[in-house]
$ cat structure10.txt   # compact mmCIF, C-alpha atoms and all ligand atoms
# COMPACT_ATOMS: atom_id res chain seq x y z
CA MET Z 1 0.00 0.00 0.00
CA ILE Z 2 1.19 3.52 -0.80
CA ASP Z 3 0.39 5.71 2.19
CA ILE Z 4 1.51 9.31 1.67
CA GLU Z 5 2.59 11.28 4.71
CA LYS Z 6 3.55 14.62 3.17
CA ALA Z 7 3.99 16.40 -0.12
CA GLN Z 8 6.34 19.16 -1.19
CA VAL Z 9 5.17 21.42 -4.00
CA SER Z 10 7.85 23.68 -5.52
CA ILE Z 11 8.10 26.00 -8.47
CA VAL Z 12 11.32 26.08 -10.47
CA SER Z 13 12.20 28.48 -13.25
CA ILE Z 14 15.03 28.42 -15.84
CA PRO Z 15 15.58 30.59 -18.95
CA LEU Z 16 15.86 28.75 -22.28
CA LYS Z 17 19.17 28.90 -24.20
CA LYS Z 18 17.14 30.06 -27.21
CA PRO Z 19 13.57 31.36 -27.47
CA PHE Z 20 11.03 28.66 -28.53
CA SER Z 21 8.79 30.44 -31.02
CA THR Z 22 5.53 29.22 -32.60
CA HIS Z 23 2.65 31.06 -34.28
CA LEU Z 24 1.07 31.19 -30.80
CA GLY Z 25 3.91 33.08 -29.14
CA VAL Z 26 7.36 32.71 -27.64
CA VAL Z 27 8.59 30.74 -24.61
CA ARG Z 28 11.76 32.32 -23.16
CA GLU Z 29 11.67 30.97 -19.64
CA ARG Z 30 10.35 27.63 -18.38
CA GLU Z 31 8.54 27.56 -15.09
CA ALA Z 32 7.09 24.29 -13.74
CA ILE Z 33 5.78 22.69 -10.55
CA MET Z 34 7.77 19.86 -8.99
CA ILE Z 35 6.01 17.40 -6.70
CA GLU Z 36 7.71 15.26 -4.08
CA LEU Z 37 5.58 12.70 -2.26
CA TRP Z 38 6.92 10.95 0.87
CA ASP Z 39 5.30 7.81 2.18
CA ARG Z 40 5.26 6.77 5.85
CA GLU Z 41 8.32 4.57 5.31
CA GLY Z 42 10.38 7.55 4.12
CA GLU Z 43 10.44 6.63 0.41
CA VAL Z 44 10.05 9.51 -2.05
CA GLY Z 45 8.39 9.79 -5.46
CA TYR Z 46 8.99 12.66 -7.90
CA GLY Z 47 6.53 14.29 -10.26
CA GLU Z 48 6.57 17.26 -12.60
CA THR Z 49 3.63 19.40 -13.68
CA VAL Z 50 4.12 20.50 -17.27
CA ALA Z 51 1.56 23.35 -17.43
CA PHE Z 52 3.13 26.54 -18.81
CA SER Z 53 3.17 30.00 -17.22
CA SER Z 54 0.41 31.13 -19.63
CA PRO Z 55 -2.42 29.15 -21.30
CA TRP Z 56 -1.04 29.13 -24.87
CA TYR Z 57 -0.82 25.37 -25.47
CA THR Z 58 -3.68 24.23 -23.23
CA GLU Z 59 -5.89 26.00 -20.69
CA GLU Z 60 -3.89 25.13 -17.59
CA THR Z 61 -1.17 27.38 -16.16
CA VAL Z 62 1.36 27.03 -13.34
CA LYS Z 63 -1.01 28.98 -11.09
CA THR Z 64 -4.18 27.02 -11.90
CA ALA Z 65 -2.34 23.70 -11.55
CA TYR Z 66 -0.83 24.78 -8.23
CA HIS Z 67 -4.29 25.67 -6.92
CA ILE Z 68 -5.85 22.39 -8.07
CA GLN Z 69 -2.98 20.34 -6.62
CA LYS Z 70 -2.80 22.15 -3.30
CA ASP Z 71 -6.51 22.59 -2.64
CA PHE Z 72 -8.02 19.44 -4.18
CA ILE Z 73 -5.63 16.70 -5.32
CA LEU Z 74 -3.02 16.60 -2.55
CA PRO Z 75 -5.48 16.72 0.39
CA MET Z 76 -7.21 13.64 -1.10
CA VAL Z 77 -3.93 11.87 -1.82
CA LEU Z 78 -2.82 12.45 1.78
CA LYS Z 79 -6.02 10.83 3.07
CA LYS Z 80 -6.18 7.82 0.75
CA LYS Z 81 -4.07 4.67 0.54
CA PHE Z 82 -3.25 3.38 -2.94
CA ALA Z 83 -2.66 -0.30 -3.72
CA HIS Z 84 -1.62 0.74 -7.25
CA PRO Z 85 -1.14 4.13 -9.01
CA ARG Z 86 -3.87 3.09 -11.49
CA GLU Z 87 -6.39 3.86 -8.75
CA PHE Z 88 -5.56 7.55 -9.03
CA ALA Z 89 -7.49 8.18 -12.27
CA CYS Z 90 -10.59 6.50 -10.87
CA GLU Z 91 -10.36 8.39 -7.58
CA PHE Z 92 -10.16 11.72 -9.40
CA SER Z 93 -12.73 11.11 -12.13
CA SER Z 94 -15.02 13.50 -10.25
CA LEU Z 95 -12.40 16.25 -10.52
CA ARG Z 96 -13.03 17.56 -14.03
CA GLY Z 97 -10.28 18.53 -16.44
CA ASN Z 98 -6.94 19.80 -15.14
CA PRO Z 99 -4.97 16.89 -16.65
CA MET Z 100 -1.55 18.43 -16.04
CA ALA Z 101 -2.29 19.09 -12.37
CA LYS Z 102 -3.40 15.46 -12.03
CA SER Z 103 -0.46 14.07 -13.95
CA GLY Z 104 2.11 15.91 -11.81
CA VAL Z 105 0.84 14.02 -8.74
CA GLU Z 106 -0.11 10.74 -10.40
CA THR Z 107 3.35 10.25 -11.90
CA ALA Z 108 4.97 10.70 -8.45
CA LEU Z 109 2.84 7.76 -7.25
CA TRP Z 110 4.22 5.63 -10.11
CA ASP Z 111 7.82 6.44 -9.10
CA LEU Z 112 7.06 5.49 -5.48
CA TYR Z 113 5.24 2.32 -6.52
CA ALA Z 114 8.05 1.20 -8.84
CA LYS Z 115 10.66 1.87 -6.11
CA LYS Z 116 8.67 -0.21 -3.62
CA GLN Z 117 8.37 -3.03 -6.17
CA GLY Z 118 12.14 -2.83 -6.73
CA GLN Z 119 11.61 -2.53 -10.49
CA SER Z 120 12.24 0.13 -13.09
CA LEU Z 121 9.23 2.17 -14.13
CA SER Z 122 9.76 1.01 -17.71
CA ARG Z 123 9.45 -2.61 -16.61
CA ILE Z 124 6.39 -1.87 -14.43
CA LEU Z 125 4.67 -0.32 -17.46
CA GLY Z 126 5.59 -3.20 -19.78
CA GLY Z 127 8.41 -1.44 -21.63
CA THR Z 128 10.35 -3.55 -24.13
CA ARG Z 129 13.11 -1.17 -25.29
CA ASN Z 130 16.34 -0.40 -23.49
CA GLU Z 131 16.84 2.73 -25.58
CA VAL Z 132 14.48 5.16 -27.31
CA ARG Z 133 14.92 7.30 -30.43
CA ALA Z 134 15.15 11.06 -30.02
CA GLY Z 135 13.71 13.85 -32.18
CA ALA Z 136 14.44 17.59 -32.19
CA VAL Z 137 12.02 20.50 -32.58
CA VAL Z 138 12.79 23.61 -34.61
CA ALA Z 139 10.67 26.48 -33.28
CA THR Z 140 11.66 29.78 -34.89
CA GLN Z 141 10.12 32.30 -37.29
CA ASP Z 142 13.43 32.75 -39.13
CA VAL Z 143 14.49 30.45 -42.00
CA THR Z 144 18.23 31.02 -41.54
CA GLU Z 145 17.93 30.21 -37.85
CA ALA Z 146 15.88 27.09 -38.71
CA LEU Z 147 18.63 25.86 -41.06
CA LYS Z 148 21.29 26.57 -38.45
CA GLN Z 149 19.37 24.59 -35.83
CA ILE Z 150 18.83 21.63 -38.18
CA GLU Z 151 22.54 21.59 -38.92
CA GLN Z 152 23.29 21.49 -35.18
CA PHE Z 153 20.65 18.83 -34.48
CA THR Z 154 21.94 16.70 -37.36
CA GLU Z 155 25.47 16.89 -35.92
CA GLN Z 156 24.13 15.92 -32.51
CA GLY Z 157 22.57 12.82 -34.06
CA PHE Z 158 18.83 13.42 -33.80
CA GLU Z 159 16.86 10.89 -35.83
CA ARG Z 160 13.96 13.12 -36.82
CA MET Z 161 13.37 16.85 -37.18
CA LYS Z 162 10.10 18.56 -36.37
CA LEU Z 163 9.38 22.00 -37.71
CA LYS Z 164 6.81 24.37 -36.26
CA ILE Z 165 4.79 25.85 -39.14
CA SER Z 166 1.87 28.15 -39.88
CA PRO Z 167 0.02 29.18 -43.09
CA ALA Z 168 2.28 32.24 -43.25
CA ASN Z 169 5.56 30.32 -43.60
CA ASP Z 170 4.99 26.61 -44.34
CA ARG Z 171 6.16 26.36 -48.00
CA GLN Z 172 9.06 28.74 -47.65
CA PHE Z 173 10.41 26.92 -44.55
CA ILE Z 174 9.91 23.36 -45.77
CA GLN Z 175 11.34 24.11 -49.21
CA ALA Z 176 14.46 25.71 -47.74
CA ILE Z 177 15.03 22.69 -45.49
CA ARG Z 178 14.27 20.09 -48.16
CA LYS Z 179 16.80 21.80 -50.47
CA GLU Z 180 19.62 21.27 -47.97
CA TYR Z 181 18.32 18.07 -46.38
CA PRO Z 182 16.40 16.09 -49.03
CA LYS Z 183 16.50 12.81 -47.06
CA THR Z 184 16.20 13.91 -43.42
CA PRO Z 185 13.09 12.46 -41.74
CA LEU Z 186 11.05 15.64 -41.41
CA MET Z 187 7.65 16.35 -39.89
CA VAL Z 188 5.74 19.53 -39.16
CA ASP Z 189 3.60 20.72 -36.25
CA ALA Z 190 1.00 23.43 -36.85
CA ASN Z 191 -0.48 23.71 -33.33
CA SER Z 192 -3.93 24.37 -34.88
CA ALA Z 193 -2.81 27.20 -37.17
CA TYR Z 194 -5.05 26.08 -40.10
CA THR Z 195 -8.75 25.69 -40.87
CA LEU Z 196 -10.52 23.53 -43.47
CA GLU Z 197 -10.45 26.57 -45.77
CA ASP Z 198 -6.69 25.99 -46.09
CA ILE Z 199 -7.19 22.54 -47.56
CA ASP Z 200 -5.45 23.38 -50.87
CA GLN Z 201 -2.45 24.85 -49.07
CA LEU Z 202 -2.25 21.73 -46.87
CA ARG Z 203 -2.56 19.37 -49.84
CA ALA Z 204 0.29 21.24 -51.50
CA LEU Z 205 2.58 20.01 -48.69
CA ASP Z 206 2.13 16.38 -49.85
CA GLU Z 207 5.01 16.81 -52.31
CA PHE Z 208 7.54 17.16 -49.47
CA GLU Z 209 6.92 13.61 -48.22
CA LEU Z 210 6.68 14.67 -44.62
CA LEU Z 211 6.50 11.94 -41.98
CA MET Z 212 3.32 13.61 -40.73
CA ILE Z 213 1.57 16.88 -40.03
CA GLU Z 214 0.79 17.34 -36.36
CA GLN Z 215 -2.45 19.04 -35.26
CA PRO Z 216 -3.23 21.16 -38.35
CA LEU Z 217 -6.82 22.06 -37.30
CA GLY Z 218 -8.69 23.14 -34.14
CA THR Z 219 -7.38 22.21 -30.69
CA THR Z 220 -10.51 20.22 -29.77
CA ASP Z 221 -11.42 19.01 -33.25
CA ILE Z 222 -11.89 15.37 -34.21
CA VAL Z 223 -14.42 15.65 -37.07
CA GLU Z 224 -12.71 18.13 -39.42
CA HIS Z 225 -9.40 16.29 -39.16
CA ALA Z 226 -11.20 13.22 -40.54
CA ILE Z 227 -12.44 15.30 -43.48
CA LEU Z 228 -8.94 16.68 -44.05
CA GLN Z 229 -7.22 13.26 -43.79
CA LYS Z 230 -9.36 11.96 -46.67
CA GLN Z 231 -8.08 14.77 -48.89
CA ILE Z 232 -4.34 14.81 -48.17
CA ASN Z 233 -1.67 12.10 -48.37
CA THR Z 234 0.50 13.33 -45.51
CA PRO Z 235 -0.45 11.35 -42.39
CA ILE Z 236 -2.19 13.48 -39.76
CA CYS Z 237 -0.97 13.16 -36.17
CA LEU Z 238 -3.17 14.48 -33.37
CA ASP Z 239 -1.72 16.21 -30.31
CA GLU Z 240 -4.01 18.82 -28.62
CA SER Z 241 -7.24 17.04 -29.70
CA ILE Z 242 -6.45 13.85 -27.75
CA THR Z 243 -7.05 14.59 -24.06
CA ASN Z 244 -8.31 11.16 -22.92
CA VAL Z 245 -9.01 7.59 -24.04
CA HIS Z 246 -12.42 8.54 -25.41
CA ASP Z 247 -10.92 11.17 -27.75
CA ALA Z 248 -8.48 8.57 -29.04
CA LYS Z 249 -11.34 6.11 -29.67
CA SER Z 250 -13.33 8.77 -31.54
CA ALA Z 251 -10.34 9.77 -33.67
CA ILE Z 252 -9.69 6.11 -34.54
CA GLN Z 253 -13.34 5.45 -35.41
CA LEU Z 254 -13.62 8.52 -37.61
CA GLY Z 255 -10.19 8.17 -39.24
CA SER Z 256 -9.11 11.60 -38.00
CA CYS Z 257 -5.44 10.64 -37.82
CA GLN Z 258 -2.96 7.87 -38.60
CA ILE Z 259 -0.66 8.71 -35.73
CA ILE Z 260 -1.10 9.88 -32.13
CA ASN Z 261 1.31 12.04 -30.15
CA ILE Z 262 0.95 10.82 -26.55
CA LYS Z 263 1.84 13.29 -23.78
CA ILE Z 264 1.44 12.17 -20.19
CA GLY Z 265 0.51 15.66 -18.94
CA ARG Z 266 -2.00 16.37 -21.69
CA VAL Z 267 -3.99 13.20 -20.98
CA GLY Z 268 -3.93 13.36 -17.17
CA GLY Z 269 -1.32 10.79 -16.20
CA LEU Z 270 0.71 7.72 -16.99
CA ALA Z 271 -2.15 5.21 -16.60
CA ILE Z 272 -4.22 6.98 -19.27
CA ALA Z 273 -1.17 7.49 -21.51
CA LYS Z 274 -0.59 3.72 -21.34
CA GLN Z 275 -4.26 3.03 -22.16
CA ILE Z 276 -4.02 5.25 -25.26
CA HIS Z 277 -0.83 3.42 -26.24
CA ASP Z 278 -2.66 0.07 -25.90
CA LEU Z 279 -5.52 1.37 -28.02
CA CYS Z 280 -3.10 2.51 -30.75
CA GLN Z 281 -1.49 -0.93 -30.77
CA GLU Z 282 -4.85 -2.66 -30.99
CA HIS Z 283 -5.88 -0.52 -33.98
CA GLN Z 284 -2.46 -0.42 -35.67
CA LEU Z 285 -1.96 3.32 -35.31
CA GLN Z 286 1.57 4.60 -34.88
CA ALA Z 287 2.36 6.45 -31.66
CA TRP Z 288 5.20 8.60 -30.35
CA CYS Z 289 5.92 10.47 -27.17
CA GLY Z 290 5.47 14.26 -27.30
CA GLY Z 291 7.53 16.85 -25.44
CA MET Z 292 6.65 19.90 -23.35
CA ILE Z 293 10.01 21.76 -23.14
CA GLU Z 294 10.11 20.00 -19.81
CA PHE Z 295 12.55 19.47 -16.97
CA GLY Z 296 14.28 16.17 -16.33
CA ILE Z 297 11.64 14.56 -14.14
CA SER Z 298 9.04 14.79 -16.89
CA LYS Z 299 11.63 13.78 -19.50
CA ALA Z 300 12.35 10.67 -17.42
CA TYR Z 301 8.66 9.69 -17.44
CA ASN Z 302 8.73 10.14 -21.22
CA LEU Z 303 11.64 7.70 -21.47
CA ALA Z 304 9.78 5.04 -19.49
CA LEU Z 305 6.62 5.55 -21.54
CA ALA Z 306 8.44 5.60 -24.89
CA SER Z 307 10.02 2.24 -24.03
CA LEU Z 308 6.61 0.59 -24.65
CA PRO Z 309 6.43 -1.39 -27.91
CA GLY Z 310 3.72 0.74 -29.54
CA PHE Z 311 5.94 3.84 -29.62
CA THR Z 312 7.09 3.17 -33.15
CA LEU Z 313 8.39 6.65 -34.07
CA PRO Z 314 11.07 8.90 -32.50
CA GLY Z 315 9.60 11.23 -29.85
CA ASP Z 316 10.26 14.84 -28.82
CA LEU Z 317 12.95 13.41 -26.57
CA SER Z 318 16.24 15.17 -25.87
CA SER Z 319 19.08 15.41 -23.36
CA SER Z 320 19.02 17.33 -20.06
CA THR Z 321 21.05 20.15 -21.58
CA HIS Z 322 18.93 20.59 -24.72
CA TYR Z 323 16.90 23.60 -23.58
CA TRP Z 324 19.10 24.93 -20.72
CA GLN Z 325 22.67 24.62 -19.48
CA GLU Z 326 21.88 22.53 -16.44
CA ASP Z 327 18.73 20.62 -15.48
CA ILE Z 328 17.52 19.73 -11.97
CA ILE Z 329 17.98 15.95 -12.11
CA THR Z 330 20.76 13.53 -11.38
CA PRO Z 331 22.09 11.70 -13.28
CA ALA Z 332 21.68 13.81 -16.43
CA ILE Z 333 19.81 12.43 -19.45
CA GLU Z 334 22.16 12.00 -22.38
CA MET Z 335 21.52 11.36 -26.03
CA GLU Z 336 24.06 9.42 -28.04
CA GLN Z 337 23.78 8.81 -31.78
CA GLY Z 338 20.11 9.73 -31.70
CA LYS Z 339 19.29 7.39 -28.82
CA ILE Z 340 18.66 7.75 -25.10
CA SER Z 341 18.95 4.77 -22.78
CA VAL Z 342 16.06 3.77 -20.56
CA PRO Z 343 17.02 3.34 -16.88
CA THR Z 344 16.93 -0.13 -15.32
CA VAL Z 345 17.26 0.83 -11.63
CA PRO Z 346 14.12 0.71 -9.43
CA GLY Z 347 11.64 3.57 -9.93
CA LEU Z 348 11.93 6.50 -12.31
CA GLY Z 349 15.74 6.19 -12.37
CA PHE Z 350 16.45 9.85 -11.65
CA SER Z 351 16.25 12.06 -8.59
CA ILE Z 352 16.50 15.74 -7.87
CA ASN Z 353 19.94 17.38 -7.81
CA GLU Z 354 19.44 19.37 -4.61
CA ARG Z 355 22.18 21.92 -5.30
CA ARG Z 356 20.80 22.81 -8.72
CA PHE Z 357 17.23 22.64 -7.47
CA ASP Z 358 17.96 25.24 -4.76
CA GLU Z 359 19.47 27.55 -7.38
CA VAL Z 360 16.37 27.57 -9.57
CA CYS Z 361 13.58 27.07 -7.02
CA VAL Z 362 11.45 30.20 -6.64
CA HIS Z 363 8.79 28.85 -4.27
CA LYS Z 364 8.41 25.85 -1.94
CA GLU Z 365 5.61 24.60 0.27
CA MET Z 366 5.12 21.45 2.39
CA ILE Z 367 1.63 20.00 2.56
CA LYS Z 368 0.79 17.47 5.32
O1 LIG B 401 9.69 19.44 -25.73
C1 LIG B 401 10.01 19.64 -26.89
O2 LIG B 401 11.08 19.21 -27.36
C2 LIG B 401 9.13 20.48 -27.79
C3 LIG B 401 7.83 19.84 -28.09
C4 LIG B 401 6.79 20.73 -28.72
O3 LIG B 401 6.75 20.85 -29.92
C5 LIG B 401 5.85 21.43 -27.86
C6 LIG B 401 6.34 22.13 -26.78
C7 LIG B 401 5.50 22.82 -25.95
C8 LIG B 401 4.16 22.81 -26.18
C9 LIG B 401 3.64 22.10 -27.24
C10 LIG B 401 4.48 21.40 -28.09
C11 LIG B 401 3.82 20.59 -29.17
O4 LIG B 401 4.18 19.45 -29.44
O5 LIG B 401 2.87 21.07 -29.76
MG MG B 402 2.31 19.42 -31.02
$ encode --input "structure10.txt" --output "structure tokens" --more "lines below"
Ligand SMILES: O=C(O)CCC(=O)c1ccccc1C(=O)O
Ligand SMILES: [Mg+2]
Amino acid sequence: MIDIEKAQVSIVSIPLKKPFSTHLGVVREREAIMIELWDREGEVGYGETVAFSSPWYTEETVKTAYHIQKDFILPMVLKKKFAHPREFACEFSSLRGNPMAKSGVETALWDLYAKKQGQSLSRILGGTRNEVRAGAVVATQDVTEALKQIEQFTEQGFERMKLKISPANDRQFIQAIRKEYPKTPLMVDANSAYTLEDIDQLRALDEFELLMIEQPLGTTDIVEHAILQKQINTPICLDESITNVHDAKSAIQLGSCQIINIKIGRVGGLAIAKQIHDLCQEHQLQAWCGGMIEFGISKAYNLALASLPGFTLPGDLSSSTHYWQEDIITPAIEMEQGKISVPTVPGLGFSINERRFDEVCVHKEMIK
């Protein structure tokens, strides 16, 4: 039984080496909520809440997630005993929405559970890979900068490049990259920048033989993506639109996508992420693990998840030093020749580097 005695909720903040720019705005500094859960035997589990400082990607923010965790989720977690972290999703089904707030706490239960079982989180989840393939994201509004970044990422060994696009720059960007890198596995992410009225412009991208186009249409849409997929050859991958198992079932039934980007935070935790993975496998959809410009704790959960057999494509997975000089975890996550190894020690396989954590922590609170 997992019996939580106390929880520490902290906010950390680190500036990015380079601004991360999409048609929705620019991220210059990453702020996130770290969760540490201690059980009555003194074991600790780590979680990370991937909500951003402002609601540009999804509705949640650091402040809303903090409120939901402190005032609703943690008081319940402190009262309840869990035989398995799967019970979390059921327990909180009456707390609507707020998937990132839930995931930050739920994942910490998985770390604790895996440590108590003496097994790696990857093994607990049913992972079959001892290394996962990494992909880099180019998020800039400048073509020269995009080319420079792809050159760097290619040197570093990334297996797949993802380019953030919008109707204002898609052709110009993709053409420039394809000219220099005709064979590089390339995909694009539109973060809902298009509508069905742009169907001709989207069909025109077929010639570039992209691996996929991620989330071209509305953030909650399932129906129009099905209409679009019938009219373009490039496989559609859904990100924002898939917030739970039901969304994934609907998208599969309607043919809204051929690929799903699974993010633990976006779907409300590791148990649901695994269920969506299982569904993809059952229906022969490809899946990959999405990124959130996250800190090492969340990256580590991504490694464990991406070790499952249904993650057939490289994810938005990168080393600890990809977005900033020094992360908050120990050991650091390293990418070699496009691959990152999956830990085999009990639990998540990483813990907090207290010295670095103290440097970047801007707020800390113990909840008992
Ligand atoms: O973590 C990364 O490497 C970047 C992943 C990425 O593209 C992204 C980062 C923040 C918010 C949304 C998205 C996205 O996939 O749409
Ligand atoms: Mg995306």
$ residues_near_ligand --input "structure10.txt" --ligand "ligand LIG 401 (chain B)" --cutoff "8 Å" --atoms "only C-alpha atoms and all ligand atoms" --output "ChimeraX atom specification"
/Z:57,135-137,139,162,164,189-191,214-215,239-240,261,290-294,316-318
$ axis_aligned_box --input "structure10.txt" --around "range 109-113 of chain Z" --padding-each-side "4 Å" --output "JSON"
{"center_x": 5.3, "center_y": 5.0, "center_z": -7.8, "size_x": 13.0, "size_y": 13.4, "size_z": 12.6}
$ closest_residue --input "structure10.txt" --among "Z:Ile236, Z:Val26, Z:Val44, Z:Ala146" --to "ligand MG 402 (chain B)" --atoms "all atoms listed in the file"
Z:Ile236
$ closest_atom_pairs --input "structure10.txt" --of "range 209-313 of chain Z" --to "range 158-161 of chain Z" --cutoff "12 Å" --atoms "all atoms listed in the file" --output "Markdown table"
| residue | atom | partner | partner_atom | distance |
| --- | --- | --- | --- | --- |
| Z:Leu210 | CA | Z:Met161 | CA | 10.2 |
| Z:Leu211 | CA | Z:Arg160 | CA | 9.1 |
| Z:Met212 | CA | Z:Met161 | CA | 11.1 |
| Z:Trp288 | CA | Z:Arg160 | CA | 11.8 |
| Z:Leu313 | CA | Z:Arg160 | CA | 9.0 |
$ residues_near_point --input "structure10.txt" --point "(-4.5, 27.5, -33.4)" --cutoff "12 Å" --atoms "all atoms listed in the file" --output "PyMOL selection string"
chain Z and resi 22-25+56-58+165-167+189-195+214-221+240-241
$ write_last_selection --input "structure10.txt" --atoms "C-alpha atoms" --output "mmCIF file, in the frame of the given file"
data_model
loop_
_atom_site.group_PDB
_atom_site.id
_atom_site.type_symbol
_atom_site.label_atom_id
_atom_site.label_comp_id
_atom_site.auth_asym_id
_atom_site.auth_seq_id
_atom_site.Cartn_x
_atom_site.Cartn_y
_atom_site.Cartn_z
ATOM 1 C CA THR Z 22 5.530 29.220 -32.600
ATOM 2 C CA HIS Z 23 2.650 31.060 -34.280
ATOM 3 C CA LEU Z 24 1.070 31.190 -30.800
ATOM 4 C CA GLY Z 25 3.910 33.080 -29.140
ATOM 5 C CA TRP Z 56 -1.040 29.130 -24.870
ATOM 6 C CA TYR Z 57 -0.820 25.370 -25.470
ATOM 7 C CA THR Z 58 -3.680 24.230 -23.230
ATOM 8 C CA ILE Z 165 4.790 25.850 -39.140
ATOM 9 C CA SER Z 166 1.870 28.150 -39.880
ATOM 10 C CA PRO Z 167 0.020 29.180 -43.090
ATOM 11 C CA ASP Z 189 3.600 20.720 -36.250
ATOM 12 C CA ALA Z 190 1.000 23.430 -36.850
ATOM 13 C CA ASN Z 191 -0.480 23.710 -33.330
ATOM 14 C CA SER Z 192 -3.930 24.370 -34.880
ATOM 15 C CA ALA Z 193 -2.810 27.200 -37.170
ATOM 16 C CA TYR Z 194 -5.050 26.080 -40.100
ATOM 17 C CA THR Z 195 -8.750 25.690 -40.870
ATOM 18 C CA GLU Z 214 0.790 17.340 -36.360
ATOM 19 C CA GLN Z 215 -2.450 19.040 -35.260
ATOM 20 C CA PRO Z 216 -3.230 21.160 -38.350
ATOM 21 C CA LEU Z 217 -6.820 22.060 -37.300
ATOM 22 C CA GLY Z 218 -8.690 23.140 -34.140
ATOM 23 C CA THR Z 219 -7.380 22.210 -30.690
ATOM 24 C CA THR Z 220 -10.510 20.220 -29.770
ATOM 25 C CA ASP Z 221 -11.420 19.010 -33.250
ATOM 26 C CA GLU Z 240 -4.010 18.820 -28.620
ATOM 27 C CA SER Z 241 -7.240 17.040 -29.700
#
$ atom_distance --input "structure10.txt" --atom1 "CA of Glu31 in chain Z" --atom2 "CA of Thr140 in chain Z"
20.2 Å
